[in-house]
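Student: What follows is my_file_38.pdb, made up of PDB, C-alpha atoms:
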ATOM      1  CA  MET H   1      12.416 -11.965  -1.505
ATOM      2  CA  PRO H   2      12.134 -12.755  -5.241
ATOM      3  CA  ALA H   3       8.331 -12.980  -4.921
ATOM      4  CA  ILE H   4       8.207  -9.528  -3.315
ATOM      5  CA  LEU H   5      10.418  -8.021  -6.017
ATOM      6  CA  ASN H   6       8.287  -9.643  -8.739
ATOM      7  CA  TYR H   7       5.155  -8.209  -7.118
ATOM      8  CA  ARG H   8       6.780  -4.773  -7.014
ATOM      9  CA  GLN H   9       7.725  -4.964 -10.702
ATOM     10  CA  ARG H  10       4.103  -5.768 -11.590
ATOM     11  CA  LEU H  11       2.940  -2.810  -9.525
ATOM     12  CA  LEU H  12       5.366  -0.399 -11.197
ATOM     13  CA  ARG H  13       3.737  -1.080 -14.568
ATOM     14  CA  CYS H  14       0.626   0.633 -13.190
ATOM     15  CA  GLU H  15       2.401   3.918 -12.480
ATOM     16  CA  THR H  16       0.621   5.857 -15.185
ATOM     17  CA  ARG H  17       0.446   9.641 -15.437
ATOM     18  CA  ALA H  18      -3.112   9.479 -14.002
ATOM     19  CA  VAL H  19      -1.775   7.718 -10.908
ATOM     20  CA  LEU H  20       1.417   9.723 -10.490
ATOM     21  CA  GLY H  21       0.217  13.192 -11.404
ATOM     22  CA  SER H  22       3.311  15.403 -11.214
ATOM     23  CA  ARG H  23       5.349  12.870  -9.192
ATOM     24  CA  ARG H  24       8.431  11.188 -10.626
ATOM     25  CA  PRO H  25       8.100   7.433 -11.250
ATOM     26  CA  SER H  26       9.453   4.969  -8.712
ATOM     27  CA  THR H  27      13.057   3.867  -8.888
ATOM     28  CA  ILE H  28      14.871   0.941  -7.304
ATOM     29  CA  ARG H  29      15.694   3.131  -4.289
ATOM     30  CA  THR H  30      12.579   5.283  -3.764
ATOM     31  CA  ASN H  31       8.930   4.956  -4.670
ATOM     32  CA  ALA H  32       6.984   7.760  -6.326
ATOM     33  CA  PHE H  33       5.438   8.745  -3.003
ATOM     34  CA  GLY H  34       8.721   9.089  -1.104
ATOM     35  CA  ALA H  35       9.146   5.787   0.756
ATOM     36  CA  ARG H  36      12.661   4.367   0.563
ATOM     37  CA  HIS H  37      11.497   0.772   0.917
ATOM     38  CA  PHE H  38       8.727  -1.200  -0.752
ATOM     39  CA  GLN H  39       5.874  -1.327   1.757
ATOM     40  CA  PRO H  40       2.916  -3.534   0.829
ATOM     41  CA  HIS H  41       0.053  -2.914   3.233
ATOM     42  CA  VAL H  42      -2.813  -5.073   4.360
ATOM     43  CA  ALA H  43      -6.016  -3.403   5.530
ATOM     44  CA  LEU H  44      -7.234  -5.347   8.560
ATOM     45  CA  LEU H  45      -9.175  -2.824  10.571
ATOM     46  CA  LYS H  46     -12.191  -0.744   9.817
ATOM     47  CA  PRO H  47     -13.009   2.543  11.560
ATOM     48  CA  GLY H  48     -15.240   2.056  14.581
ATOM     49  CA  SER H  49     -14.247  -1.593  15.063
ATOM     50  CA  GLY H  50     -13.772  -1.013  18.789
ATOM     51  CA  ILE H  51     -10.460  -2.864  18.729
ATOM     52  CA  ASP H  52      -7.846  -2.074  21.392
ATOM     53  CA  ARG H  53      -5.468   0.752  20.441
ATOM     54  CA  ASP H  54      -2.525  -1.527  21.302
ATOM     55  CA  LEU H  55      -2.366  -3.723  18.217
ATOM     56  CA  THR H  56       0.304  -6.037  19.668
ATOM     57  CA  LYS H  57      -2.153  -8.718  20.818
ATOM     58  CA  LEU H  58      -4.127  -8.576  17.591
ATOM     59  CA  GLY H  59      -0.945  -8.759  15.507
ATOM     60  CA  SER H  60       0.354 -11.773  17.437
ATOM     61  CA  LEU H  61      -2.966 -13.575  17.089
ATOM     62  CA  PHE H  62      -3.122 -12.738  13.377
ATOM     63  CA  ARG H  63       0.380 -14.108  12.708
ATOM     64  CA  GLU H  64      -0.352 -17.220  14.777
ATOM     65  CA  ARG H  65      -3.548 -18.064  12.903
ATOM     66  CA  ILE H  66      -2.756 -16.864   9.373
ATOM     67  CA  GLY H  67       0.900 -17.846   8.961
ATOM     68  CA  ASN H  68       2.500 -16.734   5.694
ATOM     69  CA  LEU H  69       0.816 -14.245   3.402
ATOM     70  CA  THR H  70       1.174 -14.154  -0.347
ATOM     71  CA  PHE H  71       0.749 -10.728  -1.921
ATOM     72  CA  ASP H  72      -0.653 -11.393  -5.372
ATOM     73  CA  LYS H  73      -3.118  -8.556  -5.861
ATOM     74  CA  PHE H  74      -2.818  -4.813  -5.662
ATOM     75  CA  GLU H  75      -5.289  -1.974  -5.750
ATOM     76  CA  ILE H  76      -4.642   1.588  -6.798
ATOM     77  CA  GLU H  77      -7.116   4.249  -5.801
ATOM     78  CA  VAL H  78      -6.900   7.522  -7.692
ATOM     79  CA  VAL H  79      -8.507  10.418  -5.847
ATOM     80  CA  ILE H  80      -9.065  13.561  -7.875
ATOM     81  CA  ARG H  81      -9.185  16.566  -5.590
ATOM     82  CA  GLN H  82     -11.033  19.676  -6.597
ATOM     83  CA  GLU H  83      -9.207  22.971  -6.410
ATOM     84  CA  GLU H  84     -10.239  25.352  -3.633
ATOM     85  CA  GLY H  85     -13.141  27.536  -4.586
ATOM     86  CA  ILE H  86     -14.300  25.228  -7.374
ATOM     87  CA  VAL H  87     -17.393  23.164  -6.685
TER      88      VAL H  87
END
Now that the file is in, can you turn its structure into structure tokens?
Tutor:
Amino acid sequence: MPAILNYRQRLLRCETRAVLGSRRPSTIRTNAFGARHFQPHVALLKPGSGIDRDLTKLGSLFRERIGNLTFDKFEIEVVIRQEEGIV
């Protein structure tokens, strides 16, 4: 658990105005995007992979072969949306 909390603290330093927009910064209880728990995500699947919709088998196989994961990198993607009617 301490490693996860340390990772989260490092991530919070990246919550700049450009990332947050009008959102309030994360707190201990809630992140800036509304989740009540810290939820690191791993992207495993790409669209069109043809993988079965039931991810249970894939998840079991992944955990069996990979074992423990260490989250030590994060990526923040800022998407700037254009207002309607403006091209």
Student: Write out as a list in words each polymer residue whose atoms come within 12 Å of H:His37, counting only C-alpha atoms; drop sequence neighbours fewer than 6 positions from it.
Tutor: Ile4, Leu5, Arg8, Ser26, Thr27, Ile28, Arg29, Thr30 and Asn31 of chain H
Student: What is the atom CA of H:Gln82 to atom CA of H:Glu15 distance in Å?
Tutor: 21.5 Å
Student: Extract, using only C-alpha atoms, all DNA, RNA and protein residues at most 7 Å from stretch 16-22 of chain H, discarding same-chain residues fewer than 2 positions from it, and format them as a VMD selection string.
Tutor: chain H and resid 14 24 78
Student: What separation in Å, quoted to one decimal, exists between atom CA of H:Tyr7 and atom CA of H:Phe71?
Tutor: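 About the pair atom CA of H:Tyr7 and atom CA of H:Phe71: they are 7.3 Å apart.
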Student: How many Å lie between atom CA of H:Glu77 and atom CA of H:Phe33, rounded to one decimal?
Tutor: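 That distance, rounded to one decimal, is 13.6 Å.
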Student: Smallest atom-to-atom distance to H:Phe62: which of H:Asn6, H:Arg13, H:Leu45, H:Gly34, using only C-alpha atoms?
Tutor: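 Looking only at the distances to H:Phe62, the closest residue turns out to be H:Leu45.
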